[in-house]
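Engineer: My structure is in entry_23.txt, and what it holds is compact mmCIF, C-alpha atoms and all ligand atoms:
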```txt
# COMPACT_ATOMS: atom_id res chain seq x y z
CA MET A 1 36.86 -64.74 -181.25
CA ALA A 2 34.68 -64.67 -178.16
CA HIS A 3 34.02 -68.14 -176.87
CA ALA A 4 30.31 -67.60 -176.61
CA THR A 5 29.97 -67.88 -180.35
CA LEU A 6 31.22 -71.46 -180.08
CA ASN A 7 28.42 -72.41 -177.71
CA THR A 8 26.10 -75.10 -178.95
CA ALA A 9 22.45 -74.80 -178.03
CA LYS A 10 22.84 -77.84 -175.78
CA GLU A 11 25.69 -76.29 -173.84
CA ALA A 12 23.86 -72.99 -173.54
CA LYS A 13 20.87 -74.81 -172.03
CA LYS A 14 23.06 -76.01 -169.18
CA ASP A 15 23.84 -72.39 -168.41
CA GLU A 16 20.33 -71.20 -167.72
CA PHE A 17 20.44 -71.37 -163.93
CA TYR A 18 19.68 -68.06 -162.26
CA THR A 19 20.92 -67.52 -158.74
CA LEU A 20 18.41 -66.67 -156.03
CA LEU A 21 18.85 -63.46 -154.03
CA ASP A 22 18.70 -65.33 -150.72
CA ASP A 23 21.62 -67.58 -151.66
CA ILE A 24 23.70 -64.60 -152.73
CA ALA A 25 22.98 -62.79 -149.46
CA LYS A 26 23.77 -65.90 -147.39
CA GLU A 27 27.26 -66.25 -148.90
CA LEU A 28 28.10 -62.59 -149.40
CA LYS A 29 27.49 -61.67 -145.77
CA TYR A 30 30.86 -63.19 -144.88
CA TYR A 31 32.87 -60.93 -147.16
CA THR A 32 31.48 -57.46 -146.34
CA GLN A 33 34.87 -56.16 -145.24
CA TYR A 34 36.45 -56.84 -148.65
CA PHE A 35 34.12 -54.62 -150.68
CA GLN A 36 34.82 -51.18 -149.19
CA GLY A 37 35.96 -48.78 -151.94
CA LYS A 38 36.00 -51.56 -154.57
CA VAL A 39 34.85 -51.80 -158.17
CA VAL A 40 32.58 -54.86 -158.49
CA LEU A 41 31.96 -56.50 -161.85
CA CYS A 42 29.12 -58.91 -162.57
CA ASN A 43 30.05 -59.95 -166.10
CA CYS A 44 27.46 -62.63 -166.84
CA ASP A 45 24.58 -60.63 -165.53
CA ASP A 46 21.74 -58.93 -167.28
CA PRO A 47 21.04 -56.15 -164.76
CA TYR A 48 17.33 -56.62 -165.36
CA GLU A 49 17.28 -60.24 -164.32
CA SER A 50 20.40 -60.84 -162.24
CA ASN A 51 20.10 -61.04 -158.49
CA PHE A 52 23.85 -60.38 -158.27
CA PHE A 53 23.26 -56.95 -159.78
CA LYS A 54 20.24 -56.47 -157.54
CA TYR A 55 22.21 -57.46 -154.44
CA PHE A 56 25.05 -55.04 -155.10
CA ALA A 57 22.77 -52.20 -156.20
CA LEU A 58 20.69 -52.55 -153.04
CA ASN A 59 23.76 -52.86 -150.82
CA PHE A 60 25.88 -50.32 -152.70
CA ASN A 61 26.08 -47.86 -149.80
CA ARG A 62 26.26 -50.42 -147.00
CA LEU A 63 29.23 -52.14 -148.66
CA GLY A 64 30.82 -48.80 -149.53
CA LEU A 65 31.32 -49.75 -153.18
CA LYS A 66 33.16 -47.39 -155.48
CA LYS A 67 31.45 -48.71 -158.58
CA LEU A 68 29.17 -51.51 -159.75
CA ILE A 69 29.39 -52.74 -163.34
CA ALA A 70 27.10 -55.40 -164.83
CA THR A 71 27.21 -56.60 -168.39
CA CYS A 72 24.46 -58.36 -170.28
CA TYR A 73 25.35 -61.01 -172.83
CA ASP A 74 23.10 -60.88 -175.85
CA GLY A 75 22.23 -64.56 -175.71
CA SER A 76 20.61 -64.33 -172.29
CA PRO A 77 17.39 -66.35 -172.53
CA VAL A 78 15.47 -65.26 -169.40
CA ALA A 79 13.72 -61.91 -169.69
CA GLY A 80 13.70 -60.03 -166.44
CA ASP A 81 10.52 -58.47 -165.16
CA GLU A 82 11.61 -56.94 -161.88
CA LEU A 83 12.89 -53.80 -163.55
CA PRO A 84 11.01 -53.31 -166.85
CA LEU A 85 13.49 -52.06 -169.40
CA LEU A 86 12.94 -48.77 -171.19
CA PHE A 87 15.30 -48.81 -174.08
CA GLU A 88 15.37 -45.94 -176.49
CA ILE A 89 15.35 -48.43 -179.35
CA GLU A 90 11.88 -49.66 -178.53
CA GLU A 91 11.40 -52.18 -181.28
CA THR A 92 14.43 -54.15 -180.12
CA GLU A 93 13.94 -57.01 -177.68
CA PRO A 94 15.86 -56.05 -174.53
CA LYS A 95 17.13 -59.55 -173.82
CA LYS A 96 18.90 -59.74 -177.17
CA ILE A 97 20.96 -56.62 -176.63
CA ALA A 98 24.42 -56.59 -175.12
CA TYR A 99 24.74 -53.67 -172.75
CA LYS A 100 26.34 -52.57 -169.55
CA VAL A 101 25.21 -50.70 -166.50
CA GLU A 102 27.73 -48.72 -164.46
CA ILE A 103 26.69 -47.25 -161.14
CA THR A 104 28.81 -45.02 -158.95
CA GLU A 105 26.12 -43.93 -156.48
CA VAL A 106 22.66 -44.95 -155.37
CA GLN A 107 20.49 -42.46 -153.54
CA ASP A 108 16.90 -42.16 -152.44
CA TYR A 109 15.89 -40.49 -155.72
CA ASN A 110 12.14 -40.83 -155.18
CA ASN A 111 12.33 -39.55 -151.60
CA ASP A 112 10.40 -42.46 -150.14
CA GLY A 113 12.79 -42.70 -147.22
CA ALA A 114 14.66 -45.79 -148.40
CA VAL A 115 17.13 -46.78 -151.09
CA ASN A 116 15.49 -49.62 -152.98
CA LEU A 117 14.99 -51.10 -156.44
CA ALA A 118 12.72 -48.22 -157.46
CA ASP A 119 15.70 -45.88 -156.97
CA VAL A 120 17.97 -48.15 -159.01
CA GLN A 121 15.36 -48.22 -161.75
CA TYR A 122 15.03 -44.43 -161.63
CA LEU A 123 18.79 -44.10 -161.91
CA ILE A 124 19.04 -46.42 -164.91
CA GLN A 125 16.20 -44.69 -166.70
CA ASN A 126 17.19 -41.12 -165.97
CA ASP A 127 20.96 -40.99 -165.93
CA LYS A 128 22.25 -41.30 -169.47
CA ASN A 129 25.70 -42.31 -168.23
CA VAL A 130 24.47 -45.38 -166.40
CA LEU A 131 23.25 -47.67 -169.18
CA SER A 132 24.98 -48.00 -172.53
CA LEU A 133 24.98 -50.49 -175.37
CA LEU A 134 28.06 -52.61 -175.99
CA LYS A 135 29.57 -52.83 -179.44
CA GLY A 136 30.10 -56.60 -179.30
CA ASN A 137 27.92 -59.39 -177.91
CA GLY A 138 28.80 -58.80 -174.25
CA SER A 139 30.72 -62.05 -173.87
CA PHE A 140 32.96 -61.91 -170.80
CA ASP A 141 35.97 -62.53 -173.03
CA SER A 142 35.16 -59.87 -175.64
CA PRO A 143 37.65 -56.97 -175.81
CA GLU A 144 35.34 -54.37 -174.25
CA CYS A 145 34.36 -56.74 -171.40
CA ILE A 146 38.04 -57.46 -170.79
CA GLU A 147 38.59 -53.72 -170.42
CA LEU A 148 35.85 -53.71 -167.75
CA LEU A 149 37.50 -56.72 -166.12
CA LYS A 150 40.76 -54.84 -165.93
CA GLU A 151 38.97 -51.97 -164.19
CA ALA A 152 37.32 -54.29 -161.65
CA ASP A 153 38.68 -55.24 -158.24
CA ILE A 154 36.29 -58.10 -157.49
CA VAL A 155 34.25 -60.19 -159.91
CA VAL A 156 31.12 -61.76 -158.51
CA THR A 157 28.74 -63.92 -160.51
CA ASN A 158 27.45 -67.32 -161.49
CA PRO A 159 29.15 -67.81 -164.88
CA PRO A 160 27.93 -70.15 -167.63
CA PHE A 161 28.90 -73.65 -166.63
CA SER A 162 29.75 -74.63 -170.20
CA LEU A 163 32.45 -71.93 -170.24
CA PHE A 164 33.69 -72.38 -166.68
CA ARG A 165 37.27 -73.29 -167.66
CA GLU A 166 37.67 -70.28 -169.93
CA TYR A 167 35.98 -68.04 -167.40
CA LEU A 168 38.22 -68.98 -164.48
CA ALA A 169 41.34 -68.85 -166.68
CA LEU A 170 40.51 -65.24 -167.53
CA LEU A 171 40.08 -64.24 -163.88
CA ASP A 172 43.38 -65.93 -163.12
CA LYS A 173 45.13 -64.29 -166.07
CA TYR A 174 44.12 -60.81 -164.86
CA SER A 175 44.73 -61.71 -161.18
CA LYS A 176 41.25 -60.64 -160.14
CA GLN A 177 39.65 -61.29 -156.79
CA PHE A 178 36.53 -63.35 -157.37
CA LEU A 179 33.53 -64.92 -155.77
CA ILE A 180 31.72 -67.18 -158.20
CA ILE A 181 29.43 -70.17 -158.33
CA GLY A 182 30.84 -73.35 -159.81
CA ASN A 183 30.13 -77.02 -159.89
CA ILE A 184 31.84 -79.60 -157.70
CA ASN A 185 32.80 -81.59 -160.79
CA SER A 186 34.68 -78.60 -162.15
CA LEU A 187 37.05 -78.80 -159.17
CA ALA A 188 38.69 -81.77 -160.85
CA TYR A 189 39.32 -79.81 -164.05
CA ARG A 190 43.08 -79.60 -164.45
CA GLU A 191 43.08 -75.79 -164.42
CA THR A 192 40.86 -75.43 -161.36
CA PHE A 193 42.72 -78.15 -159.52
CA LYS A 194 46.08 -76.51 -160.14
CA MET A 195 44.69 -73.33 -158.61
CA PHE A 196 43.71 -75.31 -155.50
CA GLN A 197 47.22 -76.71 -155.32
CA GLN A 198 48.62 -73.20 -155.52
CA ASN A 199 46.14 -71.93 -152.92
CA LYS A 200 44.69 -69.52 -155.50
CA ILE A 201 41.12 -70.73 -155.05
CA ARG A 202 39.03 -72.15 -152.20
CA THR A 203 35.44 -73.10 -151.49
CA GLY A 204 33.13 -70.58 -149.85
CA TYR A 205 31.01 -70.69 -146.70
CA THR A 206 27.72 -72.10 -147.99
CA ASN A 207 27.42 -75.79 -147.17
CA PHE A 208 29.20 -77.76 -149.82
CA ASN A 209 27.56 -80.72 -151.46
CA VAL A 210 24.05 -80.02 -150.21
CA GLY A 211 22.92 -78.33 -153.40
CA MET A 212 21.45 -74.98 -154.29
CA TYR A 213 18.23 -73.89 -155.96
CA PHE A 214 18.16 -71.79 -159.12
CA GLN A 215 15.46 -70.16 -161.20
CA VAL A 216 15.21 -71.77 -164.64
CA PRO A 217 13.42 -70.62 -167.81
CA ASP A 218 9.62 -70.96 -168.00
CA SER A 219 10.00 -73.27 -170.98
CA TRP A 220 11.72 -75.98 -168.89
CA GLU A 221 9.62 -79.03 -168.22
CA LYS A 222 11.79 -80.41 -165.45
CA PHE A 223 12.04 -78.36 -162.27
CA HIS A 224 11.85 -78.92 -158.52
CA HIS A 225 9.08 -76.56 -157.45
CA LEU A 226 7.37 -73.25 -158.23
CA GLU A 227 8.12 -70.08 -156.28
CA ASN A 228 5.91 -67.07 -157.02
CA GLY A 229 5.11 -68.66 -160.35
CA LYS A 230 8.80 -69.08 -161.26
CA LYS A 231 10.30 -72.47 -161.96
CA ILE A 232 13.00 -73.46 -159.50
CA ALA A 233 15.43 -76.33 -160.07
CA ARG A 234 17.88 -77.94 -157.67
CA VAL A 235 21.53 -78.45 -158.55
CA SER A 236 23.07 -80.83 -156.04
CA THR A 237 26.65 -80.11 -157.11
CA SER A 238 26.80 -76.30 -156.90
CA CYS A 239 29.39 -74.59 -154.77
CA TRP A 240 30.89 -71.16 -154.17
CA LEU A 241 34.49 -70.58 -155.16
CA THR A 242 36.66 -67.64 -154.25
CA ASN A 243 40.17 -66.39 -153.68
CA LEU A 244 39.03 -64.13 -150.85
CA PRO A 245 39.87 -65.35 -147.33
CA VAL A 246 37.50 -68.01 -145.92
CA THR A 247 38.21 -68.70 -142.25
CA LYS A 248 37.46 -72.44 -142.27
CA HIS A 249 40.39 -72.99 -144.62
CA ASN A 250 42.72 -71.78 -141.87
CA GLU A 251 41.34 -74.28 -139.38
CA ASP A 252 42.65 -77.81 -138.95
CA LEU A 253 40.27 -80.64 -139.76
CA ILE A 254 39.87 -82.63 -136.53
CA LEU A 255 41.04 -86.20 -137.19
CA TYR A 256 40.17 -89.00 -134.81
CA LYS A 257 40.78 -92.26 -136.68
CA HIS A 258 43.96 -94.30 -136.66
CA TYR A 259 45.50 -96.07 -139.61
CA THR A 260 44.96 -99.81 -139.97
CA THR A 261 45.76 -101.91 -143.02
CA GLU A 262 42.29 -103.47 -142.86
CA GLU A 263 40.33 -100.22 -143.00
CA TYR A 264 42.45 -98.39 -145.57
CA PRO A 265 43.22 -100.42 -148.72
CA LYS A 266 46.29 -99.53 -150.76
CA TYR A 267 45.89 -98.75 -154.44
CA GLU A 268 47.30 -101.34 -156.82
CA ASN A 269 48.84 -98.77 -159.13
CA PHE A 270 49.93 -96.08 -156.71
CA ASP A 271 51.68 -95.95 -153.36
CA GLY A 272 48.81 -94.54 -151.38
CA ILE A 273 45.75 -95.54 -149.37
CA ASN A 274 42.12 -95.04 -150.24
CA ILE A 275 39.79 -93.03 -148.03
CA ASN A 276 36.06 -92.80 -148.71
CA ALA A 277 35.12 -89.78 -146.58
CA TYR A 278 37.26 -86.85 -145.46
CA ASN A 279 36.46 -87.42 -141.79
CA ASP A 280 37.94 -90.91 -142.05
CA ILE A 281 41.43 -89.50 -142.73
CA PRO A 282 43.69 -91.20 -140.18
CA VAL A 283 45.54 -88.87 -137.87
CA ASP A 284 48.77 -90.90 -138.04
CA TYR A 285 49.32 -91.77 -141.70
CA GLU A 286 52.47 -90.27 -143.17
CA GLY A 287 52.13 -91.37 -146.78
CA ILE A 288 49.85 -90.30 -149.60
CA MET A 289 46.09 -90.67 -149.21
CA GLY A 290 43.37 -90.58 -151.88
CA VAL A 291 40.36 -88.60 -150.63
CA PRO A 292 37.08 -87.57 -152.30
CA LEU A 293 36.60 -84.10 -153.86
CA THR A 294 34.55 -83.03 -150.83
CA PHE A 295 37.86 -82.83 -148.96
CA LEU A 296 38.51 -79.52 -150.74
CA ASP A 297 35.79 -77.90 -148.67
CA LYS A 298 37.83 -78.68 -145.53
CA TYR A 299 41.27 -78.15 -147.00
CA ASN A 300 43.69 -76.15 -144.88
CA PRO A 301 46.99 -75.72 -146.76
CA GLU A 302 48.81 -75.55 -143.40
CA GLN A 303 47.56 -79.02 -142.51
CA PHE A 304 47.67 -80.88 -145.83
CA GLU A 305 49.66 -80.81 -149.03
CA ILE A 306 47.83 -81.59 -152.27
CA ILE A 307 49.99 -83.94 -154.32
CA GLY A 308 47.82 -84.47 -157.38
CA LEU A 309 44.69 -85.97 -158.86
CA GLY A 310 44.22 -89.71 -158.99
CA ILE A 311 42.55 -89.72 -162.35
CA SER A 312 43.85 -90.22 -165.83
CA ASN A 313 44.52 -87.34 -168.17
CA SER A 314 44.87 -85.06 -165.18
CA GLY A 315 48.18 -83.89 -166.55
CA LEU A 316 49.41 -83.56 -162.99
CA GLU A 317 52.60 -85.35 -162.17
CA CYS A 318 51.49 -87.60 -159.36
CA GLY A 319 53.06 -90.86 -160.42
CA VAL A 320 49.94 -92.99 -160.89
CA GLN A 321 50.89 -96.01 -162.99
CA PRO A 322 48.31 -97.17 -165.57
CA TYR A 323 48.82 -100.71 -164.26
CA LYS A 324 51.74 -102.61 -162.83
CA PRO A 325 53.42 -105.08 -165.19
CA ASP A 326 52.42 -107.92 -162.87
CA HIS A 327 48.84 -106.68 -162.81
CA LYS A 328 48.23 -106.54 -166.54
CA LYS A 329 45.43 -109.02 -166.12
CA TYR A 330 43.43 -106.39 -164.23
CA ARG A 331 43.52 -103.89 -167.04
CA LYS A 332 40.37 -105.23 -168.68
CA GLU A 333 38.61 -105.35 -165.31
CA VAL A 334 39.57 -101.76 -164.60
CA GLN A 335 38.27 -100.68 -167.99
CA LYS A 336 35.03 -102.60 -167.47
CA ARG A 337 34.39 -100.38 -164.50
CA GLY A 338 34.46 -97.30 -166.67
CA ALA A 339 38.03 -96.36 -165.78
CA VAL A 340 40.95 -95.82 -168.10
CA ASP A 341 44.69 -96.25 -167.78
CA GLY A 342 45.92 -93.90 -165.13
CA ASP A 343 42.81 -94.06 -162.93
CA LEU A 344 43.41 -95.40 -159.45
CA TYR A 345 42.14 -98.85 -158.64
CA MET A 346 42.35 -101.23 -155.69
CA MET A 347 41.41 -104.75 -154.80
CA ILE A 348 38.64 -105.24 -152.27
CA ASN A 349 37.75 -108.83 -151.36
CA GLY A 350 39.56 -109.98 -154.50
CA GLU A 351 37.52 -107.63 -156.74
CA VAL A 352 38.91 -104.77 -158.81
CA THR A 353 37.43 -101.56 -157.36
CA VAL A 354 37.71 -98.15 -158.95
CA PRO A 355 36.93 -95.24 -156.61
CA TYR A 356 35.29 -92.05 -157.84
CA THR A 357 37.64 -89.07 -158.36
CA ARG A 358 40.31 -89.00 -155.69
CA ILE A 359 42.60 -86.16 -154.67
CA LEU A 360 46.01 -87.31 -153.49
CA ILE A 361 47.07 -85.56 -150.30
CA ARG A 362 49.64 -85.83 -147.54
CA ASN A 363 49.28 -84.78 -143.92
CA LYS A 364 51.94 -82.15 -143.15
CA LYS A 365 51.95 -82.94 -139.45
CA PRO A 366 50.87 -86.55 -138.88
CA GLN A 367 50.71 -87.83 -135.33
CA LYS A 368 53.47 -90.31 -134.54
CA PRO A 369 51.96 -93.83 -134.72
C1 LIG P 401 24.29 -69.68 -164.97
S1 LIG P 401 23.58 -68.27 -165.72
C2 LIG P 401 23.68 -67.16 -164.40
C3 LIG P 401 23.15 -65.80 -164.67
C4 LIG P 401 23.41 -64.84 -163.52
N1 LIG P 401 24.82 -64.60 -163.38
C5 LIG P 401 22.84 -65.40 -162.25
O1 LIG P 401 23.59 -65.85 -161.42
O2 LIG P 401 21.61 -65.41 -162.10
C6 LIG P 401 24.90 -67.81 -166.80
C7 LIG P 401 24.58 -66.61 -167.65
O3 LIG P 401 25.70 -66.34 -168.47
C8 LIG P 401 25.24 -65.94 -169.74
N2 LIG P 401 26.31 -66.22 -170.69
C9 LIG P 401 26.48 -67.29 -171.51
N3 LIG P 401 27.61 -67.16 -172.21
C10 LIG P 401 28.17 -65.99 -171.82
C11 LIG P 401 29.34 -65.29 -172.19
N4 LIG P 401 30.15 -65.80 -173.11
N5 LIG P 401 29.61 -64.11 -171.61
C12 LIG P 401 28.79 -63.61 -170.66
N6 LIG P 401 27.67 -64.22 -170.26
C13 LIG P 401 27.35 -65.39 -170.84
C14 LIG P 401 23.99 -66.77 -169.95
O4 LIG P 401 23.14 -66.13 -170.88
C15 LIG P 401 23.40 -66.77 -168.56
O5 LIG P 401 22.57 -65.65 -168.38
```
Will you turn the file into structure tokens for me?
Structural biologist:
Amino acid sequence: MAHATLNTAKEAKKDEFYTLLDDIAKELKYYTQYFQGKVVLCNCDDPYESNFFKYFALNFNRLGLKKLIATCYDGSPVAGDELPLLFEIEETEPKKIAYKVEITEVQDYNNDGAVNLADVQYLIQNDKNVLSLLKGNGSFDSPECIELLKEADIVVTNPPFSLFREYLALLDKYSKQFLIIGNINSLAYRETFKMFQQNKIRTGYTNFNVGMYFQVPDSWEKFHHLENGKKIARVSTSCWLTNLPVTKHNEDLILYKHYTTEEYPKYENFDGININAYNDIPVDYEGIMGVPLTFLDKYNPEQFEIIGLGISNSGLECGVQPYKPDHKKYRKEVQKRGAVDGDLYMMINGEVTVPYTRILIRNKKPQKP
């Protein structure tokens, strides 16, 4: 059964963040060379509302794409107005139909001297092979969408956050190249984290941890500002994720601090030191270090080895002890701070301190102390 049918209304609400064209262009400009002759799939994208579809349709010739496929899920709640839809079944609401658009060329059909959205609209409305209804609901994991996935070389989209795990697992299963928007918190999901460890995923170029703006449905009461009458919300934890090459992940992070026992407390339940910001990583520490998730944006697999996640239930064998037998008395204190057995904790000024999610890493080439 397609996962979408398991969505609760609450989860679906979290998914209604529509990526702005500017943000897509800002990130995509770094990957131009990887699109030549490729089949691109946007599989969470109503062509009439998605800026991913718009971006690739408008840049189809410049990127040298072989084919662009976009599929619309029938639960999509934002009706697009940029390209008014002319379905043959007129009485049916366009946004409730699952369909796909497949484009293999974009020309200046209206002879206005430029290839633009009017040409894409002309193509969709006049070429019967371009737009077709799907049999199922258009969920990315439905059989017909999986067939499209198999045909694709690169998948590019902002998938529903509530289905992020399932979505990434599918891309991994079919070994697809991808460029997607995720959430920093999802980096600590066991499945995503394992892919980082295996160097099968990395963060993109757009500044990490500064947030991105998204269009949200008109019915939303909370939003950041209005842009051309559209409601725009800010998501501070958005990030781009890809398995395409990203040059910064081949560059060493410049380290300038030196290890001291005073500055870097040891965890009580794990043989490692705590570090609160990636640029505080000491250049000369040989052991395991717990660093915040933001480290992943600077991670160069040639420079560091990722050992595991310092949180409970991570399922990653990293040897974190729930609590040492001689520290049983701290267990209650650790739990009071919202942590559970298996979360890292340390003592600072005699107080139990539980850091936020830590990644356990080791420097592959530490400077001799
Ligand atoms: C975060 S929004 C992003 C939409 C678009 N990709 C963009 O970036 O503007 C996620 C979209 O996925 C759609 N969606 C939800 N469940 C889906 C599923 N199982 N398969 C495909 N799309 C789904 C939602 O309706 C929503 O339009």
Engineer: Work out how far CA of Glu166 (chain A) is from CA of Asn43 (chain A), in Å to one decimal.
Structural biologist: 13.4 Å
Engineer: Report, in Å with one decimal, the straight-line distance from CA of Ile201 (chain A) to CA of Asp22 (chain A).
Structural biologist: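 About the pair CA of Ile201 (chain A) and CA of Asp22 (chain A): they are 23.5 Å apart.
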Engineer: Choose the residue, out of A:Asp108, A:Asn51, A:Asn279, A:Phe60, that has the smallest atom-to-atom separation from His258 (chain A); count only C-alpha atoms.
Structural biologist: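 Using only C-alpha atoms, the shortest distance to His258 (chain A) belongs to A:Asn279.
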Engineer: So for ligand LIG 401 (chain P), what box centre and size do we get, axis-aligned, 8 Å extra on each of the six sides, every listed atom, Å to one decimal, as JSON?
Structural biologist:
```
{"center_x": 25.9, "center_y": -66.6, "center_z": -167.3, "size_x": 24.5, "size_y": 22.1, "size_z": 27.7}
```
Engineer: Applying 12 Å and all atoms listed in the file, which residues near Glu147 (chain A) remain after dropping the ones on its own chain fewer than 6 positions away? List them as a PyMOL selection string.
Structural biologist: chain A and resi 41+43+69+71+134+138-141+174
Engineer: To one decimal in Å, tell me the separation between CA of Arg331 (chain A) and CA of Asn185 (chain A).
Structural biologist: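 Spanning CA of Arg331 (chain A) to CA of Asn185 (chain A) is a straight-line distance of 25.5 Å.
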Engineer: What's around Phe178 (chain A) at 8 Å? Count only C-alpha atoms, leave out sequence neighbours fewer than 5 positions away in its own chain, and write the answer as an NGL selection string.
Structural biologist: :A and (154-156 or 171 or 241-244)
Engineer: Which one is closest to ligand LIG 401 (chain P): A:Leu28, A:Leu20, A:Ile307, A:Ala277? Count all atoms listed in the file.
Structural biologist: A:Leu20
Engineer: Between A:Asn276, A:Asn199, A:Ser236, A:Asn126, which one has atoms that come closest to Tyr299 (chain A), using all atoms listed in the file?
Structural biologist: A:Asn199
Engineer: In terms of the shortest atom-to-atom distance over all atoms listed in the file, which of A:Lys368, A:Lys176, A:Arg165, A:Lys248 is closest to ligand LIG 401 (chain P)?
Structural biologist: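 Among A:Lys368, A:Lys176, A:Arg165, A:Lys248, it is A:Arg165 that comes nearest to ligand LIG 401 (chain P).
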Engineer: Between A:Asp218, A:Gln321, A:Pro265, A:Glu191, which is the closest to Asn349 (chain A) once you count only C-alpha atoms?
Structural biologist: A:Pro265
Engineer: Given the choices A:Val352, A:Val101, A:Leu133, A:Cys42, which gets closest to ligand LIG 401 (chain P) if the distance is worked out from all atoms listed in the file?
Structural biologist: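 Of A:Val352, A:Val101, A:Leu133, A:Cys42, the one nearest ligand LIG 401 (chain P), counting all atoms listed in the file, is A:Cys42.
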Engineer: Save region 175-203 of chain A to disk from that block, C-alpha atoms included, as a compact mmCIF listing (two decimals), in the first residue's frame.
Structural biologist:
```txt
# COMPACT_ATOMS: atom_id res chain seq x y z
CA SER A 175 20.45 3.92 -6.35
CA LYS A 176 19.22 7.20 -7.80
CA GLN A 177 21.13 10.43 -7.90
CA PHE A 178 19.17 13.01 -5.95
CA LEU A 179 19.00 16.60 -4.88
CA ILE A 180 16.29 17.12 -2.31
CA ILE A 181 15.28 19.41 0.52
CA GLY A 182 15.26 17.92 4.00
CA ASN A 183 15.27 19.04 7.57
CA ILE A 184 18.34 19.21 9.78
CA ASN A 185 16.61 17.04 12.37
CA SER A 186 16.17 14.29 9.81
CA LEU A 187 19.97 13.98 9.58
CA ALA A 188 19.89 12.17 12.90
CA TYR A 189 17.37 9.62 11.62
CA ARG A 190 19.12 6.26 11.71
CA GLU A 191 18.67 5.69 7.96
CA THR A 192 19.88 9.13 6.91
CA PHE A 193 22.77 9.00 9.33
CA LYS A 194 23.95 5.65 8.02
CA MET A 195 24.01 7.13 4.53
CA PHE A 196 26.25 9.94 5.83
CA GLN A 197 28.55 7.34 7.36
CA GLN A 198 28.72 5.54 4.04
CA ASN A 199 29.29 8.81 2.16
CA LYS A 200 26.07 8.24 0.21
CA ILE A 201 24.59 11.62 1.11
CA ARG A 202 25.93 15.10 1.84
CA THR A 203 24.62 18.60 2.42
```
